[in-house]
>>> print(open('coords24.cif').read())   # mmCIF, C-alpha atoms (C1' of nucleotides)
data_work
loop_
_atom_site.label_atom_id
_atom_site.label_comp_id
_atom_site.auth_asym_id
_atom_site.auth_seq_id
_atom_site.Cartn_x
_atom_site.Cartn_y
_atom_site.Cartn_z
CA MET O 19 56.50 67.17 241.51
CA PRO O 20 55.20 64.83 244.22
CA ARG O 21 56.96 62.07 246.11
CA SER O 22 60.27 61.59 244.36
CA GLY O 23 60.93 57.89 244.54
CA ALA O 24 64.62 58.47 244.02
CA GLN O 25 65.44 57.41 247.58
CA ALA O 26 63.57 54.16 247.24
CA ARG O 27 65.37 53.53 243.99
CA ALA O 28 68.75 54.16 245.59
CA ARG O 29 67.90 51.89 248.51
CA LEU O 30 66.89 49.17 246.08
CA ARG O 31 70.22 49.52 244.28
CA GLU O 32 72.18 49.17 247.48
CA ALA O 33 70.05 46.34 248.81
CA ALA O 34 70.49 44.39 245.60
CA LEU O 35 74.24 44.99 245.51
CA ASP O 36 74.56 43.78 249.10
CA LEU O 37 72.37 40.72 248.71
CA TYR O 38 73.85 39.65 245.39
CA ALA O 39 77.30 39.91 246.94
CA GLU O 40 76.36 38.15 250.17
CA ARG O 41 74.37 35.18 248.98
CA GLY O 42 74.76 35.25 245.23
CA TYR O 43 72.59 36.54 242.42
CA GLU O 44 70.52 33.43 241.82
CA ALA O 45 69.99 32.69 245.49
CA THR O 46 68.51 36.15 245.98
CA THR O 47 64.83 36.85 245.30
CA THR O 48 63.42 40.17 244.18
CA ALA O 49 61.13 40.01 247.21
CA GLU O 50 64.16 39.96 249.50
CA ILE O 51 65.69 42.96 247.76
CA ALA O 52 62.46 44.87 248.11
CA ALA O 53 62.12 43.91 251.77
CA ARG O 54 65.61 45.11 252.60
CA ALA O 55 64.89 48.37 250.82
CA GLY O 56 61.67 48.75 252.81
CA VAL O 57 59.29 48.53 249.87
CA THR O 58 57.22 45.81 248.22
CA GLU O 59 58.26 43.63 245.34
CA ARG O 60 55.80 45.43 243.10
CA THR O 61 57.63 48.67 243.72
CA TYR O 62 60.89 47.07 242.78
CA PHE O 63 59.46 46.30 239.37
CA ARG O 64 58.22 49.84 238.95
CA HIS O 65 61.79 51.08 239.28
CA PHE O 66 63.63 48.31 237.43
CA ALA O 67 62.47 46.30 234.48
CA ASP O 68 63.80 43.01 235.79
CA LYS O 69 65.99 41.34 238.37
CA ARG O 70 69.23 42.23 236.58
CA GLU O 71 68.59 45.81 235.62
CA VAL O 72 69.15 47.05 239.16
CA LEU O 73 72.87 46.45 238.66
CA PHE O 74 73.02 48.57 235.53
CA ASP O 75 71.55 51.84 236.65
CA GLY O 76 73.19 55.11 235.70
CA GLU O 77 74.07 54.01 232.23
CA ALA O 78 72.09 56.92 230.79
CA GLU O 79 74.51 59.51 232.13
CA LEU O 80 77.46 57.74 230.56
CA ARG O 81 75.72 57.58 227.22
CA GLU O 82 74.85 61.25 227.26
CA VAL O 83 78.38 62.35 228.07
CA MET O 84 79.76 60.27 225.26
CA ILE O 85 77.20 61.42 222.73
CA ALA O 86 77.84 65.03 223.68
CA ALA O 87 81.56 64.52 223.17
CA ILE O 88 80.93 63.33 219.64
CA ALA O 89 78.48 66.08 218.84
CA SER O 90 80.80 68.83 220.04
CA ALA O 91 83.96 67.69 218.23
CA GLN O 92 85.66 69.53 215.43
CA GLU O 93 84.33 69.20 211.93
CA THR O 94 87.31 67.37 210.49
CA THR O 95 87.72 64.66 213.12
CA SER O 96 87.86 61.12 211.75
CA PRO O 97 85.18 58.57 212.75
CA LEU O 98 87.46 56.49 214.95
CA SER O 99 88.89 59.59 216.62
CA LEU O 100 85.35 60.69 217.42
CA VAL O 101 84.65 57.39 219.13
CA LEU O 102 87.90 57.48 221.08
CA ARG O 103 87.17 61.05 222.05
CA ALA O 104 83.82 59.89 223.43
CA TYR O 105 85.37 57.17 225.57
CA THR O 106 88.07 59.54 226.75
CA ALA O 107 85.45 62.11 227.71
CA ALA O 108 83.84 59.46 229.89
CA VAL O 109 87.03 58.70 231.80
CA PRO O 110 86.09 60.94 234.77
CA LEU O 111 82.84 59.02 235.12
CA PHE O 112 84.71 55.74 235.16
CA VAL O 113 87.16 57.06 237.72
CA ALA O 114 84.36 58.34 239.94
CA GLY O 115 82.34 55.17 239.69
CA ARG O 116 85.25 52.87 240.16
CA PRO O 117 84.67 51.51 243.67
CA THR O 118 81.08 50.52 242.88
CA ALA O 119 82.09 49.24 239.47
CA GLU O 120 84.49 46.79 241.05
CA ARG O 121 81.89 45.37 243.42
CA ARG O 122 79.50 45.09 240.51
CA ALA O 123 82.06 43.36 238.31
CA GLN O 124 82.73 40.77 240.98
CA ILE O 125 79.03 39.96 241.10
CA ILE O 126 78.57 39.91 237.34
CA VAL O 127 81.26 37.30 236.71
CA THR O 128 79.42 34.87 238.95
CA SER O 129 76.27 34.77 236.80
CA PRO O 130 75.85 34.10 233.06
CA ALA O 131 72.56 35.97 233.12
CA LEU O 132 74.32 39.08 234.38
CA GLN O 133 77.13 38.77 231.88
CA GLU O 134 74.52 38.55 229.18
CA ARG O 135 72.95 41.78 230.34
CA ALA O 136 76.37 43.44 230.52
CA HIS O 137 76.94 42.55 226.87
CA THR O 138 73.58 44.02 225.99
CA LYS O 139 74.42 47.23 227.79
CA SER O 140 77.68 47.74 225.99
CA ALA O 141 76.02 46.84 222.70
CA SER O 142 73.33 49.43 223.28
CA LEU O 143 76.00 52.00 224.10
CA THR O 144 77.68 51.16 220.82
CA GLU O 145 74.36 51.67 219.03
CA ALA O 146 74.05 55.07 220.64
CA LEU O 147 77.52 56.03 219.45
CA ILE O 148 76.65 54.88 215.95
CA GLY O 149 73.62 57.14 216.06
CA ALA O 150 75.77 60.08 217.15
CA LEU O 151 78.20 59.44 214.31
CA GLU O 152 75.36 59.30 211.83
CA GLN O 153 74.16 62.66 213.11
CA ARG O 154 77.44 64.01 211.82
CA GLY O 155 76.81 62.61 208.37
CA ILE O 156 78.93 59.50 208.66
CA PRO O 157 77.26 56.64 206.77
CA GLU O 158 75.89 53.85 208.90
CA PRO O 159 78.27 51.03 207.90
CA THR O 160 81.32 53.18 208.50
CA ALA O 161 79.94 54.46 211.78
CA ARG O 162 79.24 50.92 212.94
CA LEU O 163 82.73 49.74 212.07
CA ALA O 164 84.33 52.69 213.85
CA ALA O 165 82.12 52.30 216.94
CA ARG O 166 82.90 48.62 217.23
CA ALA O 167 86.61 49.19 216.77
CA GLY O 168 86.42 51.85 219.46
CA ALA O 169 84.59 49.48 221.79
CA ALA O 170 87.29 46.86 221.28
CA ILE O 171 89.96 49.44 222.04
CA PHE O 172 88.19 50.60 225.15
CA GLU O 173 87.67 47.10 226.42
CA ARG O 174 91.37 46.42 226.06
CA ALA O 175 92.21 49.64 227.90
CA SER O 176 89.66 48.97 230.57
CA ARG O 177 91.02 45.50 231.27
CA ALA O 178 94.52 46.86 231.57
CA TRP O 179 93.20 49.50 233.94
CA SER O 180 91.66 46.91 236.26
CA GLY O 181 95.04 45.27 236.48
CA THR O 182 97.09 48.35 237.30
CA PRO O 183 94.93 50.89 239.14
CA ALA O 184 97.65 53.49 239.09
CA GLN O 185 97.69 54.06 235.33
CA ASP O 186 95.75 56.79 233.58
CA LEU O 187 92.78 55.34 231.69
CA ALA O 188 92.94 57.98 228.97
CA ALA O 189 96.54 57.07 228.26
CA LEU O 190 95.63 53.40 228.17
CA ILE O 191 92.97 54.14 225.55
CA ALA O 192 95.49 55.88 223.34
CA GLN O 193 97.89 53.00 223.85
CA ALA O 194 95.26 50.39 222.96
CA ALA O 195 94.42 52.32 219.83
CA ASP O 196 98.06 52.11 218.80
CA GLU O 197 98.00 48.40 219.49
CA LEU O 198 95.04 47.93 217.21
CA ARG O 199 96.74 49.98 214.51
CA SER O 200 99.78 47.77 214.66
CA LEU O 201 97.54 44.71 214.37
CA ILE O 202 96.01 45.91 211.12
CA MET Z 21 72.85 3.90 222.64
CA PRO Z 22 69.11 3.95 223.34
CA ARG Z 23 66.35 6.26 222.08
CA SER Z 24 68.13 9.08 220.33
CA GLY Z 25 66.08 12.14 221.11
CA ALA Z 26 67.48 13.92 218.07
CA GLN Z 27 64.14 13.74 216.28
CA ALA Z 28 62.28 15.28 219.20
CA ARG Z 29 64.90 17.99 219.36
CA ALA Z 30 64.51 18.74 215.66
CA ARG Z 31 60.72 18.83 215.95
CA LEU Z 32 61.04 21.24 218.86
CA ARG Z 33 63.27 23.51 216.79
CA GLU Z 34 60.78 23.59 213.93
CA ALA Z 35 57.78 24.00 216.18
CA ALA Z 36 59.38 26.93 217.92
CA LEU Z 37 60.43 28.58 214.67
CA ASP Z 38 56.87 28.24 213.34
CA LEU Z 39 55.13 29.46 216.45
CA TYR Z 40 57.49 32.36 217.09
CA ALA Z 41 56.95 33.45 213.50
CA GLU Z 42 53.18 32.98 213.55
CA ARG Z 43 52.15 34.55 216.80
CA GLY Z 44 55.32 36.19 218.08
CA TYR Z 45 57.96 35.13 220.58
CA GLU Z 46 56.37 36.53 223.70
CA ALA Z 47 52.88 35.35 222.84
CA THR Z 48 54.16 31.79 222.52
CA THR Z 49 54.48 29.54 225.56
CA THR Z 50 56.98 26.74 225.93
CA ALA Z 51 54.05 24.41 226.58
CA GLU Z 52 52.67 25.23 223.12
CA ILE Z 53 56.00 24.52 221.49
CA ALA Z 54 56.23 21.20 223.27
CA ALA Z 55 52.66 20.29 222.34
CA ARG Z 56 53.24 21.01 218.65
CA ALA Z 57 56.38 18.87 218.77
CA GLY Z 58 54.43 16.07 220.42
CA VAL Z 59 56.31 16.09 223.72
CA THR Z 60 55.79 17.59 227.15
CA GLU Z 61 57.08 20.91 228.35
CA ARG Z 62 59.50 19.09 230.64
CA THR Z 63 61.10 17.45 227.66
CA TYR Z 64 61.53 20.80 225.99
CA PHE Z 65 63.64 21.93 228.92
CA ARG Z 66 65.72 18.80 228.76
CA HIS Z 67 66.76 19.69 225.24
CA PHE Z 68 67.05 23.46 225.57
CA ALA Z 69 68.16 25.46 228.55
CA ASP Z 70 65.49 28.11 228.15
CA LYS Z 71 62.81 29.54 225.88
CA ARG Z 72 65.32 31.35 223.66
CA GLU Z 73 67.99 28.74 223.24
CA VAL Z 74 65.88 26.74 220.78
CA LEU Z 75 66.58 29.43 218.18
CA PHE Z 76 70.33 29.16 218.58
CA ASP Z 77 70.97 25.50 218.08
CA GLY Z 78 73.82 24.35 215.86
CA GLU Z 79 76.21 27.01 217.02
CA ALA Z 80 78.70 24.38 218.10
CA GLU Z 81 79.44 23.30 214.53
CA LEU Z 82 80.20 26.85 213.50
CA ARG Z 83 82.56 27.30 216.40
CA GLU Z 84 84.42 24.10 215.66
CA VAL Z 85 84.94 24.94 212.01
CA MET Z 86 86.32 28.34 212.90
CA ILE Z 87 88.60 27.05 215.62
CA ALA Z 88 89.93 24.38 213.29
CA ALA Z 89 90.67 27.02 210.67
CA ILE Z 90 92.78 28.92 213.16
CA ALA Z 91 94.58 25.86 214.44
CA SER Z 92 95.49 24.66 210.95
CA ALA Z 93 96.84 27.94 209.61
CA GLN Z 94 100.44 28.62 208.70
CA GLU Z 95 102.90 29.48 211.42
CA THR Z 96 103.53 33.04 210.31
CA THR Z 97 99.95 34.23 209.91
CA SER Z 98 99.14 37.47 211.76
CA PRO Z 99 96.47 37.47 214.49
CA LEU Z 100 93.89 39.41 212.50
CA SER Z 101 94.49 37.26 209.43
CA LEU Z 102 93.85 34.19 211.53
CA VAL Z 103 90.53 35.54 212.65
CA LEU Z 104 89.52 36.53 209.14
CA ARG Z 105 90.59 33.12 207.93
CA ALA Z 106 88.27 31.58 210.52
CA TYR Z 107 85.27 33.61 209.39
CA THR Z 108 86.06 32.90 205.78
CA ALA Z 109 86.27 29.18 206.51
CA ALA Z 110 82.76 29.39 207.91
CA VAL Z 111 81.31 30.98 204.78
CA PRO Z 112 79.98 27.67 203.40
CA LEU Z 113 78.10 27.12 206.65
CA PHE Z 114 76.55 30.55 206.40
CA VAL Z 115 75.60 29.94 202.78
CA ALA Z 116 74.06 26.57 203.62
CA GLY Z 117 72.16 27.87 206.61
CA ARG Z 118 70.97 31.00 204.93
CA PRO Z 119 67.26 30.29 204.44
CA THR Z 120 66.78 29.31 208.08
CA ALA Z 121 69.00 32.16 209.21
CA GLU Z 122 66.75 34.67 207.53
CA ARG Z 123 63.61 33.35 209.19
CA ARG Z 124 65.45 33.38 212.49
CA ALA Z 125 66.70 36.91 212.00
CA GLN Z 126 63.19 38.15 211.31
CA ILE Z 127 62.03 36.66 214.58
CA ILE Z 128 64.98 37.92 216.59
CA VAL Z 129 64.51 41.57 215.68
CA THR Z 130 61.01 41.48 217.15
CA SER Z 131 62.20 40.67 220.67
CA PRO Z 132 64.80 42.37 222.88
CA ALA Z 133 65.24 39.15 224.82
CA LEU Z 134 66.23 37.33 221.65
CA GLN Z 135 68.57 40.09 220.55
CA GLU Z 136 70.21 39.86 223.93
CA ARG Z 137 70.79 36.16 223.46
CA ALA Z 138 72.13 36.75 219.97
CA HIS Z 139 74.70 39.16 221.39
CA THR Z 140 75.70 36.56 223.94
CA LYS Z 141 76.14 33.95 221.25
CA SER Z 142 78.43 36.09 219.16
CA ALA Z 143 80.33 37.13 222.27
CA SER Z 144 80.88 33.51 223.21
CA LEU Z 145 82.05 32.78 219.69
CA THR Z 146 84.54 35.60 220.05
CA GLU Z 147 85.74 34.10 223.31
CA ALA Z 148 86.28 30.78 221.57
CA LEU Z 149 88.34 32.48 218.86
CA ILE Z 150 90.41 34.20 221.51
CA GLY Z 151 91.09 30.82 223.05
CA ALA Z 152 92.17 29.42 219.71
CA LEU Z 153 94.54 32.34 219.18
CA GLU Z 154 96.02 31.83 222.62
CA GLN Z 155 96.64 28.20 221.72
CA ARG Z 156 98.98 29.53 219.08
CA GLY Z 157 100.93 31.55 221.61
CA ILE Z 158 99.29 34.89 220.98
CA PRO Z 159 98.98 36.80 224.27
CA GLU Z 160 95.45 37.27 225.54
CA PRO Z 161 95.09 41.06 225.14
CA THR Z 162 96.32 40.93 221.56
CA ALA Z 163 94.12 37.95 220.79
CA ARG Z 164 91.10 39.73 222.23
CA LEU Z 165 91.73 42.86 220.22
CA ALA Z 166 92.16 40.88 217.01
CA ALA Z 167 89.08 38.74 217.64
CA ARG Z 168 86.92 41.77 218.31
CA ALA Z 169 88.22 43.59 215.26
CA GLY Z 170 87.46 40.49 213.22
CA ALA Z 171 83.96 40.31 214.65
CA ALA Z 172 83.36 43.92 213.68
CA ILE Z 173 84.60 43.22 210.18
CA PHE Z 174 82.43 40.17 209.84
CA GLU Z 175 79.36 41.97 211.08
CA ARG Z 176 79.88 44.65 208.49
CA ALA Z 177 80.31 42.03 205.75
CA SER Z 178 77.32 40.07 206.96
CA ARG Z 179 75.06 43.10 206.90
CA ALA Z 180 76.14 43.93 203.38
CA TRP Z 181 75.47 40.34 202.42
CA SER Z 182 71.88 40.47 203.71
CA GLY Z 183 71.33 43.46 201.48
CA THR Z 184 72.71 42.02 198.26
CA PRO Z 185 72.29 38.23 198.26
CA ALA Z 186 74.22 37.85 195.03
CA GLN Z 187 77.60 38.92 196.40
CA ASP Z 188 80.23 36.53 197.67
CA LEU Z 189 80.48 36.68 201.45
CA ALA Z 190 84.20 35.89 201.47
CA ALA Z 191 84.85 38.84 199.19
CA LEU Z 192 82.74 41.06 201.39
CA ILE Z 193 84.84 40.06 204.39
CA ALA Z 194 88.04 41.05 202.62
CA GLN Z 195 86.41 44.29 201.56
CA ALA Z 196 85.24 45.11 205.09
CA ALA Z 197 88.74 44.43 206.36
CA ASP Z 198 90.07 47.01 203.92
CA GLU Z 199 87.43 49.43 205.12
CA LEU Z 200 88.56 49.03 208.69
CA ARG Z 201 92.19 49.51 207.67
CA SER Z 202 91.32 52.77 205.99
CA LEU Z 203 89.49 53.87 209.13
CA ILE Z 204 92.56 53.41 211.31
"C1'" DA F 15 65.60 -15.31 223.71
"C1'" DG F 16 66.35 -13.04 227.90
"C1'" DT F 17 68.45 -9.68 230.73
"C1'" DC F 18 70.55 -5.48 231.83
"C1'" DG F 19 72.22 -0.79 231.55
"C1'" DT F 20 71.41 3.64 229.63
"C1'" DA F 21 69.29 7.71 227.54
"C1'" DG F 22 65.01 9.69 226.89
"C1'" DT F 23 60.42 10.73 228.46
"C1'" DG F 24 55.93 11.71 231.21
"C1'" DA F 25 53.68 13.21 235.35
"C1'" DC F 26 53.42 16.23 239.10
"C1'" DA F 27 54.33 19.58 242.38
"C1'" DG F 28 56.64 23.62 243.43
"C1'" DT F 29 59.29 28.25 243.21
"C1'" DC F 30 59.89 32.66 241.54
"C1'" DA F 31 60.15 36.46 238.04
"C1'" DC F 32 57.05 39.51 236.28
"C1'" DT F 33 52.29 41.89 235.12
"C1'" DG F 34 47.58 44.09 235.39
"C1'" DA F 35 44.18 46.41 238.02
"C1'" DC F 36 42.55 49.17 241.67
"C1'" DA F 37 42.70 51.75 245.74
"C1'" DC F 38 45.37 54.79 248.62
"C1'" DT F 39 48.73 58.46 249.91
"C1'" DA F 40 52.38 61.88 249.98
"C1'" DT F 41 53.73 66.02 247.90
"C1'" DC F 42 53.44 70.28 245.35
"C1'" DA F 43 50.93 74.26 242.70
"C1'" DG F 44 47.39 77.30 242.69
"C1'" DC G 15 42.67 74.29 251.25
"C1'" DT G 16 42.02 71.84 247.20
"C1'" DG G 17 43.13 69.36 243.38
"C1'" DA G 18 46.39 67.18 240.26
"C1'" DT G 19 50.13 63.96 239.95
"C1'" DA G 20 53.75 60.53 240.91
"C1'" DG G 21 54.63 56.92 243.90
"C1'" DT G 22 53.19 53.03 246.60
"C1'" DG G 23 50.62 48.78 248.63
"C1'" DT G 24 47.65 44.84 247.84
"C1'" DC G 25 46.05 41.04 245.44
"C1'" DA G 26 45.44 37.81 241.98
"C1'" DG G 27 47.32 35.70 238.10
"C1'" DT G 28 50.46 33.81 234.28
"C1'" DG G 29 54.27 31.44 232.67
"C1'" DA G 30 59.28 30.10 232.71
"C1'" DC G 31 61.97 26.87 234.82
"C1'" DT G 32 63.39 22.91 238.29
"C1'" DG G 33 63.52 18.61 241.22
"C1'" DT G 34 61.97 14.05 241.67
"C1'" DC G 35 60.30 9.63 240.64
"C1'" DA G 36 58.58 6.16 237.86
"C1'" DC G 37 58.46 4.28 233.30
"C1'" DT G 38 59.94 2.95 228.62
"C1'" DA G 39 62.48 2.29 224.31
"C1'" DC G 40 66.67 0.56 222.55
"C1'" DG G 41 71.17 -1.48 222.07
"C1'" DA G 42 74.68 -4.71 224.12
"C1'" DC G 43 75.92 -8.85 225.81
"C1'" DT G 44 75.56 -13.40 227.28
#
>>> encode(input="coords24.cif", output="structure tokens")
Amino acid sequence: MPRSGAQARARLREAALDLYAERGYEATTTAEIAARAGVTERTYFRHFADKREVLFDGEAELREVMIAAIASAQETTSPLSLVLRAYTAAVPLFVAGRPTAERRAQIIVTSPALQERAHTKSASLTEALIGALEQRGIPEPTARLAARAGAAIFERASRAWSGTPAQDLAALIAQAADELRSLI
Amino acid sequence: MPRSGAQARARLREAALDLYAERGYEATTTAEIAARAGVTERTYFRHFADKREVLFDGEAELREVMIAAIASAQETTSPLSLVLRAYTAAVPLFVAGRPTAERRAQIIVTSPALQERAHTKSASLTEALIGALEQRGIPEPTARLAARAGAAIFERASRAWSGTPAQDLAALIAQAADELRSLI
DNA sequence: AGTCGTAGTGACAGTCACTGACACTATCAG
DNA sequence: CTGATAGTGTCAGTGACTGTCACTACGACT
């Protein structure tokens, strides 16, 4: 394995986060990000598909953890429980990534383009969960319904978590699930 | 009121639909769309915010119908029922717009950029429903949970509907709601 | 009939995200 | 030490999108 490129990628991430926060997403050019990271614009686009993607790196790890949680669950677990188990398994990742996630969130709310990408990311995560459920023999429509219900539950928990940092996210997930049950 | 512009807008919609279908979304330029519609590229961008938006025109009507359905419901209706009532009220619109919707859907699946926009559109519709629920005094977190559950239900119904055109969409919505209940 | 305000349009120049192609270089395996 | 490979720089190009200014169609109003 030659020159790793991982450092450049990390510098690009930080540079983008800084610049987007300082002068705003739209007022920042990809050339400026590259310059601050000490590379050329062309190199930026070798690491990230577009100007937004740099804010959504590290999503792969999250997806893998969640898929693994579904794959390794007991035989008899219900579809929705599988999805909630996946989100709960990811709680440590959310806790660890929290400081960065907050900075990111503050940037994302300022730009419709970034919110759009955020939606896409969570939709693609949902698709991955659906795939994992199907691997366990759950029919596609059922899997989709369960995954989307789980996503709604997690969003509710996650929003509550942003409000009160002290709470335990896993407990909030369970609580949101109860809320949904009472709604239906 | 001077020159309406509605005709140009309609021609742009059709031109885009044709070209995207013929040669693909990415292989089509906005200049080509404008040319086929008999206007300049600049005029295209006066009618539509970007290259994708032309495929998502007429969303406003849908939103209004659904919001009205929520606003005009009985006092005692539960949050989820309100949301389902909104989707059900929109069924005639979906039936009427079906032929175009199918062409559009075929185009959208060919391009990640268009799928991204489609996600954004349904997310913004969900936000509008949340707002309508809040108007009725339902607290935001509850409204959000109900709106997202309703969206999941409708997606499930809508997918079933694409498969078997004969079925009644309203019935499929009720059926999908039962499915979700049994999942929880 | 003439005038006047308004919404829509064309023309033009410019910025910037993103891509393809080619040459060069740092690193590691043997 | 050599060769294979992943990463990078350079350069030229396309196309989405924007600001600005002048012009025109149309309806309102006298």
>>> calpha_fit_rmsd(input="coords24.cif", fixed="chain Z", moving="chain O")
0.1 Å
>>> resolve_selection(input="coords24.cif", expression="the PyMOL selection byres ((chain F and resi 17) around 12)", output="list in words")
DA15, DG16, DC18 and DG19 of chain F; DA42, DC43 and DT44 of chain G
>>> interface_residues(input="coords24.cif", of="chain G", to="chain Z", cutoff="9 Å", atoms="all atoms listed in the file", output="short mmCIF file (atom, residue, chain, number, x, y, z; two decimals) with C-alpha atoms (C1' of nucleotides), in the coordinates of the input")
data_model
loop_
_atom_site.label_atom_id
_atom_site.label_comp_id
_atom_site.auth_asym_id
_atom_site.auth_seq_id
_atom_site.Cartn_x
_atom_site.Cartn_y
_atom_site.Cartn_z
"C1'" DG G 29 54.27 31.44 232.67
"C1'" DA G 30 59.28 30.10 232.71
"C1'" DC G 31 61.97 26.87 234.82
"C1'" DA G 39 62.48 2.29 224.31
"C1'" DC G 40 66.67 0.56 222.55
"C1'" DG G 41 71.17 -1.48 222.07
"C1'" DA G 42 74.68 -4.71 224.12
#
>>> resolve_selection(input="coords24.cif", expression="the PyMOL selection byres ((chain O) within 12 of (chain Z))", output="VMD selection string")
chain O and resid 68 95 to 102 130 to 142 144 156 158 to 178 194 to 202
>>> residues_around(input="coords24.cif", residues="F:DT23", least_positions_apart="4", cutoff="10 Å", atoms="only C-alpha atoms (C1' of nucleotides)", output="list of chain:residue names")
Z:Arg23, Z:Gly25, Z:Val59, Z:Thr60, Z:Arg62, Z:Thr63, Z:Arg66, G:DC37, G:DT38, G:DA39
>>> interface_residues(input="coords24.cif", of="chain F", to="chain Z", cutoff="8 Å", atoms="only C-alpha atoms (C1' of nucleotides)", output="ChimeraX atom specification")
/F:20-24
>>> resolve_selection(input="coords24.cif", expression="the PyMOL selection byres ((chain F and resi 34) around 9)", output="ChimeraX atom specification")
/F:33,35 /G:27
>>> residues_around(input="coords24.cif", residues="Z:Ala36", least_positions_apart="5", cutoff="9 Å", atoms="all atoms listed in the file", output="list in words")
Arg31, Ala41, Tyr45, Thr48, Thr50, Glu52, Ile53, Ala54, Arg56, Ala57, Val74 and Leu75 of chain Z
